[in-house]
$ cat data-v1.txt   # compact mmCIF, C-alpha atoms and all ligand atoms
# COMPACT_ATOMS: atom_id res chain seq x y z
CA MET A 27 32.49 -17.78 8.39
CA LEU A 28 30.84 -20.04 10.89
CA ILE A 29 28.63 -21.94 8.51
CA ARG A 30 30.63 -24.17 6.26
CA LYS A 31 29.59 -26.05 3.18
CA ALA A 32 29.47 -29.81 3.55
CA SER A 33 32.53 -29.97 1.27
CA ASP A 34 34.52 -27.77 3.69
CA ILE A 35 33.98 -30.01 6.69
CA PRO A 36 36.90 -32.32 7.50
CA SER A 37 36.07 -36.00 7.22
CA SER A 38 36.75 -36.43 10.97
CA GLU A 39 33.65 -34.32 11.61
CA ILE A 40 31.44 -36.00 9.06
CA THR A 41 28.87 -38.51 10.16
CA PRO A 42 29.63 -41.98 8.79
CA ARG A 43 27.65 -42.58 5.60
CA ALA A 44 25.66 -45.49 7.05
CA ILE A 45 24.43 -43.39 9.98
CA TYR A 46 23.77 -40.50 7.64
CA LEU A 47 21.70 -42.67 5.31
CA LYS A 48 19.84 -44.15 8.23
CA ARG A 49 19.14 -40.64 9.48
CA ARG A 50 17.88 -39.65 6.05
CA GLU A 51 15.58 -42.65 6.04
CA LEU A 52 14.26 -41.63 9.43
CA LEU A 53 13.86 -38.03 8.36
CA GLN A 54 11.92 -39.07 5.32
CA GLY A 55 9.74 -41.05 7.65
CA GLY A 56 9.22 -37.85 9.59
CA LEU A 57 10.67 -38.94 12.91
CA ALA A 58 12.26 -36.54 15.37
CA LEU A 59 15.79 -37.61 16.11
CA SER A 60 17.22 -37.40 19.57
CA ALA A 61 20.53 -38.52 18.05
CA LEU A 62 20.51 -35.49 15.80
CA ALA A 63 19.95 -33.17 18.74
CA ALA A 64 23.08 -34.62 20.33
CA LEU A 65 25.24 -33.60 17.37
CA ARG A 66 27.27 -30.42 17.44
CA PRO A 67 25.48 -27.54 15.64
CA GLN A 68 27.66 -27.58 12.53
CA GLN A 69 27.35 -31.32 12.17
CA ALA A 70 23.60 -31.15 12.63
CA ARG A 71 23.29 -28.50 9.94
CA ALA A 72 25.40 -30.39 7.45
CA ALA A 73 23.40 -33.54 8.12
CA MET A 74 20.16 -31.65 7.74
CA LEU A 75 20.98 -30.97 4.13
CA ALA A 76 19.70 -34.45 3.38
CA PHE A 77 16.48 -33.65 1.57
CA THR A 78 13.85 -35.09 -0.71
CA LYS A 79 12.62 -33.51 -3.96
CA SER A 80 9.25 -31.86 -3.66
CA PRO A 81 6.41 -32.33 -6.15
CA PHE A 82 5.62 -28.63 -5.59
CA SER A 83 8.59 -27.72 -7.80
CA THR A 84 8.32 -25.94 -11.14
CA ASP A 85 10.06 -27.68 -14.04
CA GLU A 86 11.62 -24.42 -15.26
CA THR A 87 15.39 -24.18 -15.47
CA PRO A 88 16.86 -22.66 -12.31
CA THR A 89 18.63 -19.31 -12.50
CA ARG A 90 22.43 -19.58 -12.36
CA LYS A 91 23.53 -19.86 -8.75
CA ALA A 92 26.10 -17.11 -9.36
CA ASP A 93 23.25 -14.72 -10.29
CA ALA A 94 20.93 -15.74 -7.46
CA THR A 95 23.69 -15.19 -4.91
CA SER A 96 25.08 -11.91 -6.27
CA TYR A 97 21.96 -9.92 -7.28
CA ASN A 98 20.10 -9.50 -4.01
CA ASN A 99 17.87 -7.30 -1.94
CA PHE A 100 18.86 -7.33 1.73
CA TYR A 101 18.83 -3.71 2.85
CA GLU A 102 20.45 -4.56 6.18
CA PHE A 103 23.63 -4.93 4.10
CA GLY A 104 23.10 -2.00 1.72
CA THR A 105 20.67 -0.95 -0.99
CA ASP A 106 22.71 -1.84 -4.06
CA LYS A 107 22.02 -5.28 -5.56
CA ALA A 108 25.72 -6.15 -5.14
CA ASP A 109 25.94 -5.00 -1.48
CA PRO A 110 24.56 -8.12 0.25
CA ALA A 111 27.05 -10.45 -1.45
CA ALA A 112 29.89 -8.03 -0.64
CA ASN A 113 28.92 -7.33 2.98
CA ALA A 114 26.90 -10.20 4.42
CA HIS A 115 29.93 -12.34 5.30
CA THR A 116 30.06 -10.31 8.55
CA LEU A 117 26.82 -11.85 9.79
CA THR A 118 27.22 -14.49 12.51
CA THR A 119 24.59 -17.15 11.90
CA ALA A 120 25.53 -19.60 14.65
CA PRO A 121 24.33 -19.80 17.31
CA TRP A 122 20.86 -18.81 16.07
CA SER A 123 17.47 -18.99 17.67
CA VAL A 124 13.95 -17.92 16.81
CA LYS A 125 11.55 -16.57 19.39
CA ILE A 126 8.03 -17.84 18.75
CA ASP A 127 5.44 -16.02 20.79
CA GLY A 128 1.97 -14.49 20.87
CA LEU A 129 -1.14 -16.62 20.54
CA VAL A 130 0.46 -20.06 20.74
CA GLY A 131 0.26 -22.87 23.24
CA LYS A 132 4.03 -23.39 23.30
CA PRO A 133 5.79 -20.02 23.20
CA ALA A 134 9.56 -20.35 23.50
CA THR A 135 12.88 -19.37 22.03
CA TYR A 136 13.73 -22.31 19.80
CA THR A 137 17.30 -22.97 18.68
CA LEU A 138 17.86 -23.47 14.98
CA GLU A 139 19.09 -26.99 15.68
CA ASP A 140 15.87 -27.78 17.48
CA ILE A 141 13.79 -26.39 14.60
CA LEU A 142 15.82 -28.34 12.05
CA SER A 143 15.74 -31.57 14.01
CA HIS A 144 11.95 -31.58 13.56
CA ALA A 145 12.02 -30.51 9.91
CA LYS A 146 11.54 -32.73 6.89
CA LEU A 147 13.68 -30.89 4.38
CA GLU A 148 12.71 -30.84 0.71
CA GLU A 149 14.14 -29.23 -2.37
CA ARG A 150 11.53 -26.99 -3.97
CA ILE A 151 12.21 -25.14 -7.19
CA TYR A 152 10.12 -21.96 -7.05
CA ARG A 153 9.70 -18.89 -9.23
CA LEU A 154 10.51 -15.70 -7.30
CA ARG A 155 8.99 -12.50 -8.77
CA CYS A 156 10.36 -9.28 -7.33
CA VAL A 157 8.10 -6.22 -7.17
CA GLU A 158 10.80 -4.34 -9.11
CA GLY A 159 10.03 -6.32 -12.28
CA TRP A 160 12.59 -9.10 -12.38
CA SER A 161 12.32 -12.77 -11.55
CA MET A 162 14.43 -15.85 -10.83
CA VAL A 163 13.87 -19.58 -10.45
CA ILE A 164 15.50 -20.86 -7.28
CA PRO A 165 15.96 -24.39 -5.92
CA TRP A 166 15.33 -23.82 -2.21
CA VAL A 167 15.93 -26.34 0.53
CA GLY A 168 13.31 -25.88 3.20
CA PHE A 169 10.26 -27.19 5.00
CA PRO A 170 6.64 -26.09 5.27
CA LEU A 171 6.14 -23.22 7.72
CA ALA A 172 2.90 -25.01 8.68
CA ASP A 173 4.92 -27.83 10.28
CA LEU A 174 6.64 -25.42 12.67
CA LEU A 175 3.43 -23.50 13.40
CA LYS A 176 1.51 -26.68 14.21
CA ARG A 177 4.26 -27.66 16.60
CA VAL A 178 3.81 -24.47 18.65
CA GLU A 179 0.01 -24.90 18.72
CA PRO A 180 -1.69 -21.74 17.40
CA GLN A 181 -4.64 -20.64 19.51
CA GLY A 182 -8.10 -20.15 17.98
CA SER A 183 -7.79 -16.36 18.21
CA ALA A 184 -4.59 -16.27 16.08
CA LYS A 185 -5.40 -14.81 12.65
CA TYR A 186 -2.04 -13.52 11.38
CA VAL A 187 1.65 -14.37 11.61
CA ALA A 188 4.22 -11.58 12.06
CA PHE A 189 7.91 -12.06 11.22
CA GLU A 190 11.00 -10.09 12.26
CA THR A 191 14.58 -10.00 10.97
CA LEU A 192 17.63 -9.64 13.17
CA VAL A 193 18.80 -6.18 14.27
CA ARG A 194 22.57 -6.25 14.72
CA PRO A 195 24.19 -3.01 13.52
CA ASP A 196 27.67 -4.34 14.40
CA GLU A 197 27.30 -6.95 11.68
CA MET A 198 24.79 -5.25 9.38
CA PRO A 199 26.27 -2.10 7.78
CA GLY A 200 22.87 -0.99 6.43
CA GLN A 201 21.73 -0.55 10.04
CA ARG A 202 24.59 1.83 10.89
CA GLY A 203 25.29 5.44 10.07
CA ILE A 204 23.26 8.48 9.18
CA PHE A 205 21.44 7.13 6.14
CA GLN A 206 19.32 4.16 7.09
CA PRO A 207 17.17 3.07 4.18
CA LEU A 208 14.44 1.45 6.30
CA PRO A 209 13.29 1.36 9.93
CA TRP A 210 14.51 -1.80 11.68
CA PRO A 211 13.70 -4.55 12.31
CA TYR A 212 12.49 -5.53 8.84
CA LEU A 213 8.93 -6.73 9.40
CA GLU A 214 6.61 -8.92 7.37
CA GLY A 215 3.30 -10.64 7.88
CA LEU A 216 0.92 -13.21 6.46
CA ARG A 217 -2.64 -14.18 7.15
CA LEU A 218 -2.62 -17.44 9.13
CA ASP A 219 -4.17 -19.40 6.25
CA GLU A 220 -1.45 -18.10 3.90
CA ALA A 221 1.20 -19.05 6.43
CA MET A 222 -0.27 -22.55 6.77
CA HIS A 223 -0.51 -23.06 2.99
CA PRO A 224 1.69 -25.97 1.85
CA LEU A 225 3.51 -23.75 -0.68
CA THR A 226 4.82 -21.46 2.09
CA ILE A 227 8.21 -22.63 3.31
CA LEU A 228 11.00 -21.67 5.63
CA ALA A 229 14.21 -22.11 3.66
CA THR A 230 17.52 -23.03 5.19
CA GLY A 231 19.40 -23.78 1.96
CA MET A 232 19.51 -23.27 -1.79
CA TYR A 233 21.19 -25.10 -4.66
CA GLY A 234 21.66 -28.05 -2.33
CA GLU A 235 23.81 -26.11 0.13
CA THR A 236 23.38 -24.09 3.30
CA LEU A 237 21.76 -20.72 2.56
CA PRO A 238 24.36 -18.03 1.78
CA ASN A 239 24.17 -15.08 4.16
CA GLN A 240 23.10 -12.68 1.40
CA ASN A 241 20.06 -14.86 0.70
CA GLY A 242 18.85 -14.76 4.29
CA ALA A 243 20.83 -17.30 6.32
CA PRO A 244 20.20 -19.20 8.38
CA LEU A 245 16.40 -19.18 8.00
CA ARG A 246 14.16 -17.19 5.64
CA LEU A 247 10.60 -17.25 4.47
CA VAL A 248 9.63 -18.07 0.87
CA VAL A 249 6.08 -17.33 -0.32
CA PRO A 250 6.20 -17.96 -4.07
CA TRP A 251 2.90 -16.38 -5.13
CA LYS A 252 3.75 -13.02 -3.51
CA TYR A 253 6.26 -10.35 -4.50
CA GLY A 254 9.75 -11.13 -3.23
CA PHE A 255 9.76 -8.58 -0.41
CA LYS A 256 7.30 -10.76 1.55
CA SER A 257 10.03 -13.42 1.75
CA ILE A 258 11.72 -12.02 4.86
CA LYS A 259 15.31 -13.05 5.56
CA SER A 260 17.33 -14.03 8.65
CA ILE A 261 14.25 -14.45 10.86
CA VAL A 262 14.61 -14.14 14.65
CA ARG A 263 10.99 -13.83 15.70
CA ILE A 264 7.64 -15.29 14.64
CA SER A 265 4.54 -14.03 16.47
CA LEU A 266 0.98 -15.24 16.11
CA VAL A 267 -1.39 -12.32 16.48
CA GLU A 268 -5.04 -11.42 16.18
CA LYS A 269 -4.75 -8.20 14.14
CA GLN A 270 -3.04 -7.59 10.80
CA PRO A 271 0.57 -6.79 11.74
CA PRO A 272 2.55 -3.82 10.37
CA THR A 273 4.99 -4.58 7.55
CA THR A 274 8.11 -2.62 6.63
CA TRP A 275 7.23 -1.76 3.04
CA GLN A 276 3.64 -0.86 3.87
CA SER A 277 4.93 1.49 6.56
CA GLN A 278 7.17 3.13 3.93
CA ALA A 279 4.56 3.59 1.17
CA ASP A 280 1.11 2.24 1.86
CA ASN A 281 -0.16 3.16 -1.62
CA GLU A 282 2.65 1.19 -3.30
CA TYR A 283 3.07 -1.90 -1.13
CA GLY A 284 -0.02 -3.52 0.33
CA PHE A 285 -0.22 -6.19 3.00
CA TYR A 286 -1.18 -8.90 0.48
CA SER A 287 1.31 -8.14 -2.29
CA ASN A 288 0.14 -11.09 -4.35
CA VAL A 289 1.81 -11.15 -7.76
CA ASN A 290 -0.84 -9.66 -10.06
CA PRO A 291 -0.12 -8.54 -13.64
CA GLU A 292 -3.44 -6.67 -13.71
CA VAL A 293 -2.70 -4.35 -10.80
CA ASP A 294 0.16 -2.00 -11.60
CA HIS A 295 2.51 -0.51 -9.05
CA PRO A 296 1.65 3.24 -9.04
CA ARG A 297 5.01 3.98 -10.71
CA TRP A 298 5.37 1.05 -13.13
CA SER A 299 3.54 -1.79 -14.83
CA GLN A 300 3.52 -5.27 -13.31
CA ALA A 301 2.43 -6.94 -16.58
CA THR A 302 5.85 -8.32 -17.57
CA GLU A 303 9.10 -9.35 -15.95
CA ARG A 304 12.76 -9.83 -16.84
CA ARG A 305 14.14 -13.23 -15.91
CA ILE A 306 17.62 -12.72 -14.47
CA GLY A 307 20.15 -14.28 -16.83
CA GLU A 308 18.06 -13.66 -19.96
CA GLY A 309 19.84 -10.57 -21.31
CA SER A 310 20.02 -7.08 -19.85
CA GLY A 311 19.30 -3.44 -20.66
CA LEU A 312 17.38 -2.72 -23.86
CA PHE A 313 17.96 -6.27 -25.07
CA ALA A 314 16.45 -7.98 -22.04
CA LYS A 315 13.77 -10.43 -22.97
CA ARG A 316 10.55 -9.77 -21.07
CA ARG A 317 8.01 -12.43 -20.30
CA PRO A 318 4.40 -11.99 -19.24
CA THR A 319 3.90 -12.09 -15.48
CA GLN A 320 1.42 -14.74 -14.41
CA MET A 321 -1.40 -14.21 -11.93
CA PHE A 322 -0.22 -15.34 -8.47
CA ASN A 323 3.17 -15.90 -10.15
CA GLY A 324 1.73 -19.03 -11.78
CA TYR A 325 0.54 -20.58 -8.51
CA GLY A 326 -3.13 -19.62 -9.00
CA GLU A 327 -4.41 -23.16 -9.10
CA GLN A 328 -3.06 -23.74 -5.61
CA VAL A 329 -3.78 -20.37 -3.96
CA ALA A 330 -6.58 -18.48 -5.76
CA HIS A 331 -9.19 -19.97 -3.42
CA LEU A 332 -7.58 -18.14 -0.49
CA TYR A 333 -8.80 -14.87 -2.00
CA ALA A 334 -12.29 -15.82 -3.17
CA GLY A 335 -14.54 -12.79 -2.78
CA LEU A 336 -11.65 -10.42 -2.00
CA ASP A 337 -11.26 -7.36 -4.26
CA LEU A 338 -7.65 -7.77 -5.37
CA ARG A 339 -7.47 -4.16 -6.62
CA ALA A 340 -8.32 -2.80 -3.18
CA ASN A 341 -6.32 -5.51 -1.39
CA TYR A 342 -3.07 -5.25 -3.39
N1 LIG A 401 14.43 -9.45 4.09
C1 LIG A 401 15.09 -8.55 4.82
N2 LIG A 401 15.28 -8.77 6.11
N3 LIG A 401 15.58 -7.39 4.27
C2 LIG A 401 15.38 -7.10 2.95
O1 LIG A 401 15.83 -6.03 2.50
N4 LIG A 401 14.42 -7.81 0.82
C3 LIG A 401 13.26 -8.52 0.23
C4 LIG A 401 13.25 -10.00 0.60
N5 LIG A 401 13.56 -10.18 2.01
C5 LIG A 401 14.67 -8.02 2.14
C6 LIG A 401 14.22 -9.23 2.76
C7 LIG A 401 13.17 -8.37 -1.22
S1 LIG A 401 12.73 -6.83 -1.81
C8 LIG A 401 13.36 -9.42 -2.08
S2 LIG A 401 13.07 -9.26 -3.76
C9 LIG A 401 13.88 -10.72 -1.61
O2 LIG A 401 14.20 -10.69 -0.22
C10 LIG A 401 15.13 -11.08 -2.37
O3 LIG A 401 15.58 -12.36 -2.02
P1 LIG A 401 16.94 -12.90 -2.68
O4 LIG A 401 17.97 -11.83 -2.52
O5 LIG A 401 17.28 -14.15 -1.95
O6 LIG A 401 16.62 -13.16 -4.13

$ encode --input "data-v1.txt" --output "structure tokens"
Amino acid sequence: MLIRKASDIPSSEITPRAIYLKRRELLQGGLALSALAALRPQQARAAMLAFTKSPFSTDETPTRKADATSYNNFYEFGTDKADPAANAHTLTTAPWSVKIDGLVGKPATYTLEDILSHAKLEERIYRLRCVEGWSMVIPWVGFPLADLLKRVEPQGSAKYVAFETLVRPDEMPGQRGIFQPLPWPYLEGLRLDEAMHPLTILATGMYGETLPNQNGAPLRLVVPWKYGFKSIKSIVRISLVEKQPPTTWQSQADNEYGFYSNVNPEVDHPRWSQATERRIGEGSGLFAKRRPTQMFNGYGEQVAHLYAGLDLRANY
């Protein structure tokens, strides 16, 4: 595996603590670091796991890391919940770059190191509610998507943001063979104001470590008030566009998965209720405890205003 945990890196490669702390100080102050850019990619990534705690966090107890990293949806690696953890080690996540194009003043292919060297990383503990009826609480390490978007200077005509996952059949078994569960690349989209909302982050880690491949390494979206499928993994392209972009799940079943996909206990999926959820780790099968699902996954105070006047039954 090319990405190593900080604990796996020999001390000869580790930045001296004083420099590291100084860097953290600078990062917290929000400065771009030319010194960081000069580091080798692995060193830069390890150093970038210096983060602050975000006040946007929920105070709920996080799901066990073992559950959050072994019960996944990442169809590029198979459709079973256990497939991503079993198969995603084949994904090469370094080098990595993200093409940012469309209606922006500074379109370019940005390396991950460049993106991270401008990022102020925070730990944010968020609820994640999957459309299938289960939920988790995950301590992400990430930064506001808005910071990256501002850097590339969206033009006035940009109204939506489209996201794309990597297509690499050699490393992604779900993209090979006769049965392909979805068309590739996996696509997602947000309205520009949703993308710029301070709750929307790009995550590069979880549980204080580099993101495991099965959770979307090296860079994934997290939009906590929307069903989990909006949180697209292993992003290679971000495009600012004028028209609402196509999304993978909408293209599969428009009547089941809308563009908005805001968590809403009052609007059922056509085949099941969305009123309650099972928190992973709280029992299973018939004995699973179910808790009521909250409007906007509990983030209504922060995001409800984005949808003022919008019929949420029609715009599911
Ligand atoms: N991104 C890609 N590229 N492919 C996927 O299959 N699954 C989505 C989302 N992002 C998916 C994806 C779904 S359905 C969910 S619930 C979340 O990832 C799960 O994220 P997690 O496995 O980190 O909990």

$ residues_near_ligand --input "data-v1.txt" --ligand "ligand LIG 401 (chain A)" --cutoff "6 Å" --atoms "only C-alpha atoms and all ligand atoms" --output "list of chain:residue names"
A:Asn98, A:Asn99, A:Phe100, A:Tyr101, A:Glu102, A:Cys156, A:Thr191, A:Tyr212, A:Asn241, A:Gly254, A:Phe255, A:Ser257, A:Ile258, A:Lys259

$ atom_distance --input "data-v1.txt" --atom1 "CA of Thr135 (chain A)" --atom2 "CA of Val178 (chain A)"
10.9 Å

$ atom_distance --input "data-v1.txt" --atom1 "CA of Met321 (chain A)" --atom2 "CA of Asp93 (chain A)"
24.7 Å

$ atom_distance --input "data-v1.txt" --atom1 "CA of Asn290 (chain A)" --atom2 "CA of Gly326 (chain A)"
10.3 Å

$ closest_atom_pairs --input "data-v1.txt" --of "region 212-309 of chain A" --to "region 145-152 of chain A" --cutoff "12 Å" --atoms "only C-alpha atoms" --output "JSON lines"
{"residue": "A:Pro224", "atom": "CA", "partner": "A:Arg150", "partner_atom": "CA", "distance": 11.5}
{"residue": "A:Leu225", "atom": "CA", "partner": "A:Arg150", "partner_atom": "CA", "distance": 9.3}
{"residue": "A:Thr226", "atom": "CA", "partner": "A:Tyr152", "partner_atom": "CA", "distance": 10.6}
{"residue": "A:Ile227", "atom": "CA", "partner": "A:Arg150", "partner_atom": "CA", "distance": 9.1}
{"residue": "A:Leu228", "atom": "CA", "partner": "A:Leu147", "partner_atom": "CA", "distance": 9.7}
{"residue": "A:Ala229", "atom": "CA", "partner": "A:Leu147", "partner_atom": "CA", "distance": 8.8}
{"residue": "A:Thr230", "atom": "CA", "partner": "A:Leu147", "partner_atom": "CA", "distance": 8.8}
{"residue": "A:Gly231", "atom": "CA", "partner": "A:Glu149", "partner_atom": "CA", "distance": 8.7}
{"residue": "A:Met232", "atom": "CA", "partner": "A:Glu149", "partner_atom": "CA", "distance": 8.0}
{"residue": "A:Tyr233", "atom": "CA", "partner": "A:Glu149", "partner_atom": "CA", "distance": 8.5}
{"residue": "A:Gly234", "atom": "CA", "partner": "A:Glu149", "partner_atom": "CA", "distance": 7.6}
{"residue": "A:Glu235", "atom": "CA", "partner": "A:Glu149", "partner_atom": "CA", "distance": 10.5}
{"residue": "A:Thr236", "atom": "CA", "partner": "A:Leu147", "partner_atom": "CA", "distance": 11.9}
{"residue": "A:Val248", "atom": "CA", "partner": "A:Tyr152", "partner_atom": "CA", "distance": 8.8}
{"residue": "A:Val249", "atom": "CA", "partner": "A:Tyr152", "partner_atom": "CA", "distance": 9.1}
{"residue": "A:Pro250", "atom": "CA", "partner": "A:Tyr152", "partner_atom": "CA", "distance": 6.3}
{"residue": "A:Trp251", "atom": "CA", "partner": "A:Tyr152", "partner_atom": "CA", "distance": 9.3}
{"residue": "A:Lys252", "atom": "CA", "partner": "A:Tyr152", "partner_atom": "CA", "distance": 11.5}
{"residue": "A:Gly254", "atom": "CA", "partner": "A:Tyr152", "partner_atom": "CA", "distance": 11.5}

$ write_last_selection --input "data-v1.txt" --atoms "C-alpha atoms" --output "PDB file, in the frame of the given file"
ATOM      1  CA  PRO A 224       1.690 -25.970   1.850  1.00  0.00           C
ATOM      2  CA  LEU A 225       3.510 -23.750  -0.680  1.00  0.00           C
ATOM      3  CA  THR A 226       4.820 -21.460   2.090  1.00  0.00           C
ATOM      4  CA  ILE A 227       8.210 -22.630   3.310  1.00  0.00           C
ATOM      5  CA  LEU A 228      11.000 -21.670   5.630  1.00  0.00           C
ATOM      6  CA  ALA A 229      14.210 -22.110   3.660  1.00  0.00           C
ATOM      7  CA  THR A 230      17.520 -23.030   5.190  1.00  0.00           C
ATOM      8  CA  GLY A 231      19.400 -23.780   1.960  1.00  0.00           C
ATOM      9  CA  MET A 232      19.510 -23.270  -1.790  1.00  0.00           C
ATOM     10  CA  TYR A 233      21.190 -25.100  -4.660  1.00  0.00           C
ATOM     11  CA  GLY A 234      21.660 -28.050  -2.330  1.00  0.00           C
ATOM     12  CA  GLU A 235      23.810 -26.110   0.130  1.00  0.00           C
ATOM     13  CA  THR A 236      23.380 -24.090   3.300  1.00  0.00           C
ATOM     14  CA  VAL A 248       9.630 -18.070   0.870  1.00  0.00           C
ATOM     15  CA  VAL A 249       6.080 -17.330  -0.320  1.00  0.00           C
ATOM     16  CA  PRO A 250       6.200 -17.960  -4.070  1.00  0.00           C
ATOM     17  CA  TRP A 251       2.900 -16.380  -5.130  1.00  0.00           C
ATOM     18  CA  LYS A 252       3.750 -13.020  -3.510  1.00  0.00           C
ATOM     19  CA  GLY A 254       9.750 -11.130  -3.230  1.00  0.00           C
TER      20      GLY A 254
END

$ closest_residue --input "data-v1.txt" --among "A:Gln201, A:Ser277, A:Asn288, A:Ser183" --to "Gly324 (chain A)" --atoms "all atoms listed in the file"
A:Asn288

$ residues_around --input "data-v1.txt" --residues "Trp122 (chain A)" --least-positions-apart "2" --cutoff "8 Å" --atoms "all atoms listed in the file" --output "list in words"
Thr119, Ala120, Val124, Thr137, Leu138, Pro244 and Val262 of chain A

$ closest_residue --input "data-v1.txt" --among "A:Ala340, A:Arg153, A:Ser310, A:Glu158" --to "Trp298 (chain A)" --atoms "all atoms listed in the file"
A:Glu158

$ build_atoms --input "data-v1.txt" --residues "region 329-340 of chain A" --atoms "N, CA, C and O atoms" --output "PDB file, keeping the file's coordinate frame"
ATOM      1  N   VAL A 329      -3.504 -21.381  -4.995  1.00  0.00           N
ATOM      2  CA  VAL A 329      -3.780 -20.370  -3.960  1.00  0.00           C
ATOM      3  C   VAL A 329      -4.968 -19.453  -4.221  1.00  0.00           C
ATOM      4  O   VAL A 329      -5.415 -18.755  -3.302  1.00  0.00           O
ATOM      5  N   ALA A 330      -5.515 -19.445  -5.452  1.00  0.00           N
ATOM      6  CA  ALA A 330      -6.580 -18.480  -5.760  1.00  0.00           C
ATOM      7  C   ALA A 330      -7.749 -18.582  -4.778  1.00  0.00           C
ATOM      8  O   ALA A 330      -8.346 -17.567  -4.395  1.00  0.00           O
ATOM      9  N   HIS A 331      -8.043 -19.788  -4.326  1.00  0.00           N
ATOM     10  CA  HIS A 331      -9.190 -19.970  -3.420  1.00  0.00           C
ATOM     11  C   HIS A 331      -9.021 -19.190  -2.106  1.00  0.00           C
ATOM     12  O   HIS A 331     -10.009 -18.865  -1.447  1.00  0.00           O
ATOM     13  N   LEU A 332      -7.795 -18.881  -1.751  1.00  0.00           N
ATOM     14  CA  LEU A 332      -7.580 -18.140  -0.490  1.00  0.00           C
ATOM     15  C   LEU A 332      -8.181 -16.729  -0.570  1.00  0.00           C
ATOM     16  O   LEU A 332      -8.423 -16.095   0.453  1.00  0.00           O
ATOM     17  N   TYR A 333      -8.382 -16.264  -1.817  1.00  0.00           N
ATOM     18  CA  TYR A 333      -8.800 -14.870  -2.000  1.00  0.00           C
ATOM     19  C   TYR A 333     -10.185 -14.759  -2.634  1.00  0.00           C
ATOM     20  O   TYR A 333     -10.543 -13.716  -3.159  1.00  0.00           O
ATOM     21  N   ALA A 334     -10.954 -15.837  -2.589  1.00  0.00           N
ATOM     22  CA  ALA A 334     -12.290 -15.820  -3.170  1.00  0.00           C
ATOM     23  C   ALA A 334     -13.095 -14.708  -2.517  1.00  0.00           C
ATOM     24  O   ALA A 334     -13.120 -14.597  -1.286  1.00  0.00           O
ATOM     25  N   GLY A 335     -13.702 -13.852  -3.322  1.00  0.00           N
ATOM     26  CA  GLY A 335     -14.540 -12.790  -2.780  1.00  0.00           C
ATOM     27  C   GLY A 335     -13.772 -11.555  -2.345  1.00  0.00           C
ATOM     28  O   GLY A 335     -14.369 -10.554  -1.929  1.00  0.00           O
ATOM     29  N   LEU A 336     -12.449 -11.587  -2.417  1.00  0.00           N
ATOM     30  CA  LEU A 336     -11.650 -10.420  -2.000  1.00  0.00           C
ATOM     31  C   LEU A 336     -11.352  -9.568  -3.233  1.00  0.00           C
ATOM     32  O   LEU A 336     -10.939 -10.109  -4.269  1.00  0.00           O
ATOM     33  N   ASP A 337     -11.558  -8.263  -3.138  1.00  0.00           N
ATOM     34  CA  ASP A 337     -11.260  -7.360  -4.260  1.00  0.00           C
ATOM     35  C   ASP A 337      -9.740  -7.175  -4.311  1.00  0.00           C
ATOM     36  O   ASP A 337      -9.151  -6.507  -3.461  1.00  0.00           O
ATOM     37  N   LEU A 338      -9.118  -7.769  -5.323  1.00  0.00           N
ATOM     38  CA  LEU A 338      -7.650  -7.770  -5.370  1.00  0.00           C
ATOM     39  C   LEU A 338      -7.073  -6.417  -5.815  1.00  0.00           C
ATOM     40  O   LEU A 338      -5.868  -6.198  -5.715  1.00  0.00           O
ATOM     41  N   ARG A 339      -7.940  -5.509  -6.308  1.00  0.00           N
ATOM     42  CA  ARG A 339      -7.470  -4.160  -6.620  1.00  0.00           C
ATOM     43  C   ARG A 339      -7.355  -3.339  -5.337  1.00  0.00           C
ATOM     44  O   ARG A 339      -6.407  -2.571  -5.151  1.00  0.00           O
ATOM     45  N   ALA A 340      -8.335  -3.537  -4.460  1.00  0.00           N
ATOM     46  CA  ALA A 340      -8.320  -2.800  -3.180  1.00  0.00           C
ATOM     47  C   ALA A 340      -7.327  -3.455  -2.214  1.00  0.00           C
ATOM     48  O   ALA A 340      -6.678  -2.774  -1.417  1.00  0.00           O
TER      49      ALA A 340
END
